[in-house]
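Visitor: File follows, structure20.txt with compact mmCIF, C-alpha atoms:
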```txt
# COMPACT_ATOMS: atom_id res chain seq x y z
CA MET W 1 17.77 20.31 -28.93
CA PHE W 2 18.35 17.95 -31.87
CA ASN W 3 16.59 18.64 -35.16
CA THR W 4 15.94 15.32 -36.92
CA THR W 5 15.35 17.08 -40.25
CA THR W 6 18.64 18.99 -40.36
CA GLY W 7 20.66 16.61 -38.19
CA SER W 8 21.91 19.53 -36.10
CA TRP W 9 21.85 20.68 -32.47
CA THR W 10 20.75 24.05 -31.10
CA ARG W 11 20.90 25.44 -27.56
CA THR W 12 17.70 25.76 -25.59
CA GLY W 13 16.71 26.93 -22.12
CA ASN W 14 18.45 25.53 -19.04
CA LEU W 15 16.76 23.45 -16.37
CA ASN W 16 15.90 25.27 -13.15
CA TYR W 17 17.83 22.67 -11.14
CA GLU W 18 21.02 20.76 -11.90
CA ARG W 19 20.32 17.04 -11.82
CA ASN W 20 21.51 13.64 -12.97
CA PHE W 21 20.03 10.13 -12.81
CA HIS W 22 16.61 11.75 -13.39
CA THR W 23 13.91 10.88 -15.93
CA ALA W 24 12.34 12.79 -18.83
CA SER W 25 8.90 11.93 -20.20
CA ALA W 26 7.06 13.27 -23.25
CA LEU W 27 3.52 14.43 -22.45
CA SER W 28 0.54 14.35 -24.80
CA ASN W 29 0.48 18.18 -24.85
CA GLY W 30 3.97 18.23 -26.37
CA LYS W 31 5.75 19.27 -23.18
CA VAL W 32 8.43 17.22 -21.41
CA LEU W 33 8.28 16.34 -17.71
CA VAL W 34 11.64 15.99 -15.91
CA VAL W 35 11.57 14.59 -12.39
CA GLY W 36 13.88 13.67 -9.53
CA GLY W 37 17.53 12.72 -9.79
CA MET W 38 20.43 14.11 -7.78
CA ASP W 39 22.63 17.15 -7.43
CA ASN W 40 24.40 16.89 -4.07
CA ASP W 41 21.20 15.45 -2.60
CA PHE W 42 18.31 13.40 -3.86
CA LEU W 43 15.59 15.55 -5.47
CA ASN W 44 11.80 15.49 -5.51
CA SER W 45 11.48 18.53 -7.78
CA ALA W 46 9.82 18.37 -11.18
CA GLU W 47 9.81 20.78 -14.11
CA LEU W 48 8.20 21.11 -17.51
CA TYR W 49 9.90 21.94 -20.81
CA ASP W 50 7.82 23.79 -23.41
CA PRO W 51 9.36 23.25 -26.88
CA SER W 52 7.32 26.15 -28.31
CA THR W 53 9.19 28.63 -26.11
CA GLY W 54 12.34 26.70 -25.19
CA ASN W 55 11.68 27.48 -21.53
CA TRP W 56 11.33 25.44 -18.33
CA SER W 57 8.73 25.96 -15.61
CA ILE W 58 8.42 24.49 -12.13
CA THR W 59 5.58 22.05 -11.52
CA ASP W 60 4.36 20.18 -8.45
CA ASN W 61 7.02 18.32 -6.42
CA MET W 62 6.87 14.56 -6.02
CA HIS W 63 6.08 13.24 -2.56
CA TRP W 64 9.40 11.36 -2.43
CA THR W 65 12.95 12.30 -3.35
CA ARG W 66 14.32 9.71 -5.77
CA ALA W 67 16.93 8.89 -8.39
CA TRP W 68 17.43 5.79 -10.56
CA HIS W 69 13.64 5.52 -10.68
CA THR W 70 11.48 4.96 -13.75
CA ALA W 71 8.88 7.23 -15.35
CA THR W 72 6.38 5.72 -17.78
CA THR W 73 3.75 7.52 -19.84
CA LEU W 74 0.48 5.61 -19.48
CA SER W 75 -2.23 5.22 -22.10
CA ASN W 76 -4.34 7.79 -20.22
CA GLY W 77 -1.54 10.38 -20.46
CA LYS W 78 -0.53 10.23 -16.79
CA ILE W 79 3.08 9.55 -15.74
CA LEU W 80 3.81 6.57 -13.49
CA VAL W 81 6.95 6.95 -11.36
CA THR W 82 8.25 3.86 -9.56
CA GLY W 83 10.92 3.03 -7.03
CA GLY W 84 14.43 4.45 -7.07
CA MET W 85 16.91 5.38 -4.37
CA THR W 86 16.31 8.13 -1.82
CA ASN W 87 17.95 9.83 1.15
CA GLY W 88 20.22 7.58 3.19
CA ASN W 89 20.58 5.40 0.09
CA ASP W 90 17.31 3.71 1.01
CA VAL W 91 15.59 1.89 -1.84
CA LEU W 92 11.95 2.71 -2.52
CA LYS W 93 8.94 0.68 -3.51
CA THR W 94 6.70 3.76 -3.43
CA VAL W 95 4.83 4.79 -6.56
CA GLU W 96 3.20 8.04 -7.61
CA LEU W 97 1.18 9.34 -10.56
CA TYR W 98 1.48 12.75 -12.23
CA ASP W 99 -1.63 14.16 -13.87
CA PRO W 100 -0.63 16.71 -16.56
CA LEU W 101 -4.15 18.18 -16.66
CA ILE W 102 -3.95 19.46 -13.09
CA GLU W 103 -0.14 19.30 -12.73
CA LYS W 104 -0.35 17.36 -9.46
CA TRP W 105 1.08 14.13 -8.02
CA LYS W 106 -0.74 11.49 -6.02
CA ASN W 107 0.53 8.42 -4.20
CA VAL W 108 -0.78 5.06 -5.41
CA SER W 109 -0.21 1.48 -4.25
CA SER W 110 3.44 0.62 -3.68
CA MET W 111 5.24 -2.04 -5.66
CA ILE W 112 5.60 -5.48 -4.12
CA HIS W 113 9.41 -5.17 -4.13
CA SER W 114 11.61 -2.14 -3.51
CA ARG W 115 13.95 -1.60 -6.46
CA TYR W 116 16.20 0.84 -8.29
CA GLY W 117 18.02 0.50 -11.60
CA HIS W 118 14.97 -1.37 -12.92
CA THR W 119 12.85 -0.88 -16.05
CA ALA W 120 9.14 -0.15 -16.52
CA THR W 121 7.54 -0.88 -19.90
CA LEU W 122 4.04 0.04 -21.08
CA LEU W 123 2.42 -3.05 -22.62
CA THR W 124 -0.18 -3.14 -25.37
CA ASN W 125 -2.84 -4.07 -22.77
CA ALA W 126 -2.13 -0.72 -20.98
CA LYS W 127 -0.46 -2.44 -18.01
CA VAL W 128 3.12 -1.65 -17.00
CA LEU W 129 5.76 -4.37 -16.64
CA VAL W 130 8.39 -3.60 -13.98
CA ILE W 131 11.40 -5.90 -13.86
CA GLY W 132 14.78 -6.37 -12.25
CA GLY W 133 16.87 -3.74 -10.54
CA GLN W 134 18.43 -3.95 -7.10
CA ASP W 135 16.82 -4.03 -3.68
CA SER W 136 17.82 -2.38 -0.39
CA THR W 137 20.50 -5.02 0.26
CA ARG W 138 21.94 -4.41 -3.25
CA ASN W 139 20.84 -7.85 -4.40
CA VAL W 140 20.16 -7.93 -8.14
CA LEU W 141 16.59 -9.02 -8.85
CA ASN W 142 14.91 -11.24 -11.40
CA SER W 143 11.40 -10.55 -10.10
CA ALA W 144 8.72 -8.91 -12.23
CA GLU W 145 5.40 -7.25 -11.43
CA LEU W 146 2.54 -5.62 -13.29
CA PHE W 147 0.78 -2.31 -12.60
CA ASP W 148 -2.85 -2.08 -13.67
CA PRO W 149 -3.84 1.59 -14.22
CA SER W 150 -7.55 0.73 -14.03
CA THR W 151 -7.21 -0.44 -10.41
CA GLU W 152 -3.88 1.23 -9.55
CA THR W 153 -2.69 -2.05 -8.04
CA TRP W 154 0.23 -4.46 -8.51
CA THR W 155 0.37 -8.20 -9.20
CA ILE W 156 3.28 -10.62 -9.49
CA THR W 157 4.10 -12.06 -12.90
CA GLY W 158 6.70 -14.57 -14.03
CA SER W 159 10.30 -13.93 -12.92
CA MET W 160 13.06 -13.42 -15.46
CA ILE W 161 15.46 -16.29 -16.11
CA ASN W 162 18.40 -14.08 -15.13
CA GLU W 163 18.84 -11.44 -12.45
CA ARG W 164 19.74 -8.03 -13.94
CA ALA W 165 19.84 -4.27 -13.28
CA LYS W 166 20.52 -1.30 -15.60
CA HIS W 167 19.36 -3.47 -18.48
CA THR W 168 17.05 -2.42 -21.29
CA ALA W 169 13.47 -3.49 -21.98
CA SER W 170 11.95 -2.90 -25.43
CA LEU W 171 8.35 -3.42 -26.51
CA LEU W 172 8.33 -5.40 -29.75
CA ARG W 173 5.72 -5.15 -32.51
CA ASN W 174 4.10 -8.42 -31.44
CA GLY W 175 3.54 -7.11 -27.92
CA ASN W 176 6.35 -9.10 -26.32
CA VAL W 177 9.15 -7.41 -24.36
CA LEU W 178 12.83 -7.90 -25.22
CA VAL W 179 15.22 -7.56 -22.27
CA ALA W 180 18.94 -7.26 -22.94
CA GLY W 181 22.14 -7.07 -20.90
CA GLY W 182 22.45 -5.34 -17.57
CA GLY W 183 24.52 -5.94 -14.47
CA THR W 184 24.26 -9.17 -12.52
CA GLY W 185 26.00 -8.26 -9.26
CA GLY W 186 27.77 -5.59 -7.23
CA ASP W 187 27.00 -1.89 -7.07
CA ILE W 188 24.84 -0.01 -9.57
CA PHE W 189 27.78 1.82 -11.09
CA PRO W 190 29.66 0.51 -14.15
CA GLY W 191 30.88 -3.00 -13.94
CA MET W 192 28.55 -4.99 -11.70
CA GLY W 193 29.16 -8.06 -13.88
CA PRO W 194 27.67 -6.94 -17.20
CA ALA W 195 25.80 -9.66 -19.08
CA ASN W 196 25.22 -10.39 -22.76
CA THR W 197 22.15 -12.50 -22.10
CA SER W 198 18.77 -11.63 -23.54
CA GLU W 199 15.25 -12.89 -22.91
CA ILE W 200 11.68 -12.24 -24.01
CA TYR W 201 8.51 -11.76 -21.94
CA ASP W 202 5.18 -12.90 -23.36
CA PRO W 203 2.35 -10.95 -21.67
CA SER W 204 -0.28 -13.41 -22.90
CA ILE W 205 1.12 -16.15 -20.64
CA GLY W 206 3.19 -14.10 -18.18
CA ARG W 207 6.33 -16.12 -18.85
CA TRP W 208 9.90 -15.61 -20.09
CA LYS W 209 12.01 -17.46 -22.63
CA SER W 210 15.68 -17.14 -23.51
CA THR W 211 16.72 -15.68 -26.83
CA ASN W 212 20.09 -15.48 -28.54
CA ASN W 213 22.78 -13.59 -26.63
CA MET W 214 24.20 -10.23 -27.65
CA HIS W 215 27.75 -10.28 -29.01
CA TYR W 216 28.95 -7.99 -26.21
CA THR W 217 28.36 -7.74 -22.49
CA ARG W 218 26.96 -4.34 -21.54
CA THR W 219 25.15 -2.36 -18.88
CA TRP W 220 23.94 1.28 -18.81
CA HIS W 221 23.33 0.93 -22.56
CA THR W 222 20.28 1.94 -24.62
CA ALA W 223 17.99 -0.07 -26.89
CA SER W 224 15.79 1.66 -29.48
CA VAL W 225 12.98 0.04 -31.46
CA LEU W 226 13.29 0.99 -35.14
CA GLU W 227 10.48 1.50 -37.65
CA ASN W 228 11.08 -1.97 -39.12
CA GLY W 229 10.61 -3.60 -35.71
CA ASN W 230 14.28 -4.37 -35.10
CA VAL W 231 16.08 -3.10 -31.99
CA LEU W 232 19.30 -1.07 -32.07
CA VAL W 233 21.51 -1.60 -28.98
CA VAL W 234 24.17 1.04 -28.36
CA GLY W 235 26.86 1.93 -25.84
CA GLY W 236 27.12 0.98 -22.20
CA SER W 237 29.92 -0.48 -20.12
CA GLU W 238 31.49 -3.86 -20.83
CA ASP W 239 33.25 -4.04 -17.46
CA ASP W 240 34.66 -1.81 -14.72
CA GLU W 241 37.27 -0.33 -17.07
CA THR W 242 35.89 -0.58 -20.61
CA SER W 243 33.13 1.32 -22.39
CA SER W 244 31.40 -0.27 -25.35
CA TYR W 245 31.35 1.54 -28.68
CA THR W 246 30.24 -1.36 -30.88
CA PRO W 247 26.50 -1.27 -31.62
CA GLU W 248 24.46 -4.29 -32.58
CA LEU W 249 21.04 -4.92 -34.03
CA TYR W 250 18.42 -7.37 -32.78
CA ASN W 251 16.50 -8.86 -35.72
CA SER W 252 12.99 -9.59 -34.49
CA SER W 253 12.32 -11.95 -37.42
CA THR W 254 15.35 -14.21 -36.91
CA ASN W 255 15.65 -13.68 -33.15
CA THR W 256 19.37 -12.94 -33.48
CA TYR W 257 21.80 -10.08 -32.86
CA VAL W 258 23.99 -8.78 -35.69
CA ARG W 259 27.11 -6.62 -35.31
CA ILE W 260 26.95 -3.31 -37.17
CA LYS W 261 29.53 -0.64 -37.93
CA ASP W 262 31.49 0.49 -34.86
CA GLY W 263 30.71 3.83 -33.28
CA TYR W 264 33.25 6.59 -33.66
CA GLU W 265 34.01 7.04 -29.98
CA ASP W 266 33.50 5.41 -26.63
CA GLU W 267 29.84 5.81 -25.72
CA GLY W 268 30.24 4.68 -22.12
CA MET W 269 27.04 5.46 -20.27
CA ARG W 270 25.53 7.10 -23.34
CA GLY W 271 23.43 5.95 -26.26
CA ILE W 272 20.59 7.08 -28.47
CA ASP W 273 16.83 7.27 -28.32
CA MET W 274 14.54 6.87 -31.28
```
Let me see the structure of the file written as structure tokens.
Guide:
Amino acid sequence: MFNTTTGSWTRTGNLNYERNFHTASALSNGKVLVVGGMDNDFLNSAELYDPSTGNWSITDNMHWTRAWHTATTLSNGKILVTGGMTNGNDVLKTVELYDPLIEKWKNVSSMIHSRYGHTATLLTNAKVLVIGGQDSTRNVLNSAELFDPSTETWTITGSMINERAKHTASLLRNGNVLVAGGGTGGDIFPGMGPANTSEIYDPSIGRWKSTNNMHYTRTWHTASVLENGNVLVVGGSEDDETSSYTPELYNSSTNTYVRIKDGYEDEGMRGIDM
């Protein structure tokens, strides 16, 4: 666990199950919900981390095994899990909700499109914007859809200008969503034609507009919204062979990306979270 006050790491309890390509979501009670992913097989297991004890406990299993899904904390405290890949490398459009109060999952309406390697962003109107990813034929998507927690249903919204998967989507202070980079073709693993393009979604009109490009192509990167409203983009893969270690900063006032001091080592598929 990283201590932001001391800038140091300490060991904490191990997960009950080995997993990668899972998700981790902070709950309103201070615990962390980890779900799905893979070991040798796709997983539907879920577990809770209690920072007060440093221990993990098993909670209710999801209805579907999945990896490369998304998990979004809703305004009501529930966790929305969407899509992903499952056994047989099938791609899901199924959706389920975790209720931390009763520690149970329930199935809700499926997405309109099956997808994995997508993003899901909680908007200021409490809806969730799901965009991009890849479908069951490995086509990269530009489609977008909205989940309404009040009705637990999905509606289509404006498609992105560019197809992309393993991109980032960041909620800006003005309520718009900044989407950056991602892969534009091929398999989900590094490469897949990383892009440097960037675009912005305006929820008030349900439409996208292009913004200035990043300086570097990247996929599997991270993007973190800072206290001043700017967005720090870190790491990822520039192509099949090269990892990116040069971070850049999106300035929300000027709508431009600025190079900042290089990282000290290849970040590859790693980055930071703020």
Visitor: Measuring atom to atom with only C-alpha atoms, identify which of W:Gly83, W:Gly36, W:Gly133, W:Pro51 is nearest to W:Thr65.
Guide: W:Gly36
Visitor: Of the candidates W:Val34, W:Leu172, W:Leu74, W:Val81, which one gets nearest to W:Ala126 if we count all atoms listed in the file?
Guide: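 Going through W:Val34, W:Leu172, W:Leu74, W:Val81 one by one, the smallest distance to W:Ala126 is for W:Leu74.
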Visitor: Excluding W:Leu80 and any residue of its chain fewer than 3 positions from it, enumerate the residues within 8 Å of it, using all atoms listed in the file, and give them as JSON, numbers by chain.
Guide: {"W": [70, 71, 72, 73, 74, 95, 96, 97, 98]}
Visitor: Taking only C-alpha atoms into account, which of W:Asn44, W:Thr82, W:Thr4, W:Ser114 comes nearest W:Phe147?
Guide: W:Thr82
Visitor: Under the rule that only C-alpha atoms are counted, which of W:Gly88, W:Gly206, W:Gly13, W:Pro247 is the nearest residue to W:Arg259?
Guide: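 Nearest to W:Arg259: W:Pro247.
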Visitor: Kindly assemble as JSON lines a list of the stretch 77-145 of chain W residues that lie within 6 Å of stretch 151-166 of chain W, each paired with its nearest atom pair and their distance in Å to one decimal, using all atoms listed in the file, sorted first by chain and then by ascending residue number.
Guide:
```
{"residue": "W:Ser109", "atom": "CA", "partner": "W:Thr153", "partner_atom": "CA", "distance": 5.7}
{"residue": "W:Gly117", "atom": "CA", "partner": "W:Lys166", "partner_atom": "CA", "distance": 5.0}
{"residue": "W:His118", "atom": "CA", "partner": "W:Ala165", "partner_atom": "CA", "distance": 5.7}
{"residue": "W:Gly132", "atom": "CA", "partner": "W:Arg164", "partner_atom": "CA", "distance": 5.5}
{"residue": "W:Gly133", "atom": "CA", "partner": "W:Ala165", "partner_atom": "CA", "distance": 4.1}
{"residue": "W:Val140", "atom": "CA", "partner": "W:Glu163", "partner_atom": "CA", "distance": 5.7}
{"residue": "W:Leu141", "atom": "CA", "partner": "W:Glu163", "partner_atom": "CA", "distance": 4.9}
{"residue": "W:Asn142", "atom": "CA", "partner": "W:Glu163", "partner_atom": "CA", "distance": 4.1}
{"residue": "W:Ser143", "atom": "CA", "partner": "W:Ser159", "partner_atom": "CA", "distance": 4.5}
{"residue": "W:Ala144", "atom": "CA", "partner": "W:Ser159", "partner_atom": "CA", "distance": 5.3}
{"residue": "W:Glu145", "atom": "CA", "partner": "W:Ile156", "partner_atom": "CA", "distance": 4.4}
```
Visitor: Counting all atoms listed in the file, figure out which residue out of W:Leu232, W:Leu171, W:Leu129, W:Val32 gets nearest to W:Ser52.
Guide: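 Closest residue, counting all atoms listed in the file: W:Val32.
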Visitor: My list of candidates is W:Val225, W:Ser150, W:Glu238, W:Ala24. Which is closest to W:Gly181 when distances are computed with all atoms listed in the file?
Guide: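 Result for the nearest residue to W:Gly181: W:Glu238.
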Visitor: To one decimal place, how far is atom CA of W:Gly185 from atom CA of W:Thr219 in Å?
Guide: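 Distance between the two atoms: 11.3 Å.
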Visitor: What is the distance between atom CA of W:Gly182 and atom CA of W:Val258, in Å to one decimal?
Guide: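 Separation between atom CA of W:Gly182 and atom CA of W:Val258: 18.5 Å.
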Visitor: For a test of reading the model, state the distance in Å between atom CA of W:His215 and atom CA of W:Gly229, rounded to one decimal.
Guide: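 Spanning atom CA of W:His215 to atom CA of W:Gly229 is a straight-line distance of 19.6 Å.
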Visitor: Within 9 Å of (23.1, -9.8, -21.9) in the file's own coordinates, which protein, DNA or RNA residues have an atom, counting all atoms listed in the file? List them as a VMD selection string.
Guide: chain W and resid 164 167 179 to 183 194 to 199 213 to 219
Visitor: List the spatial neighbours of W:Ser224 as a PyMOL selection string - criterion: any atom at most 12 Å away, all atoms listed in the file, same-chain residues fewer than 3 positions off excluded.
Guide: chain W and resi 168-172+178-180+221+227-235+247-250+271-274
Visitor: Dump C-alpha atoms for the selected residues as a CSV table (one decimal), in the coordinates of the input?
Guide:
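Below is the file part-v7.csv, written as the result:
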```csv
chain,number,residue,atom,x,y,z
W,168,THR,CA,17.0,-2.4,-21.3
W,169,ALA,CA,13.5,-3.5,-22.0
W,170,SER,CA,12.0,-2.9,-25.4
W,171,LEU,CA,8.4,-3.4,-26.5
W,172,LEU,CA,8.3,-5.4,-29.8
W,178,LEU,CA,12.8,-7.9,-25.2
W,179,VAL,CA,15.2,-7.6,-22.3
W,180,ALA,CA,18.9,-7.3,-22.9
W,221,HIS,CA,23.3,0.9,-22.6
W,227,GLU,CA,10.5,1.5,-37.6
W,228,ASN,CA,11.1,-2.0,-39.1
W,229,GLY,CA,10.6,-3.6,-35.7
W,230,ASN,CA,14.3,-4.4,-35.1
W,231,VAL,CA,16.1,-3.1,-32.0
W,232,LEU,CA,19.3,-1.1,-32.1
W,233,VAL,CA,21.5,-1.6,-29.0
W,234,VAL,CA,24.2,1.0,-28.4
W,235,GLY,CA,26.9,1.9,-25.8
W,247,PRO,CA,26.5,-1.3,-31.6
W,248,GLU,CA,24.5,-4.3,-32.6
W,249,LEU,CA,21.0,-4.9,-34.0
W,250,TYR,CA,18.4,-7.4,-32.8
W,271,GLY,CA,23.4,6.0,-26.3
W,272,ILE,CA,20.6,7.1,-28.5
W,273,ASP,CA,16.8,7.3,-28.3
W,274,MET,CA,14.5,6.9,-31.3
```
Visitor: Around stretch 49-53 of chain W, with edges along x, y and z and 5 Å added on all six sides, what centre and edge lengths do you get, in Å to one decimal, as AutoDock Vina command-line options?
Guide:
```
--center_x 8.6 --center_y 25.3 --center_z -24.6 --size_x 12.6 --size_y 16.7 --size_z 17.5
```
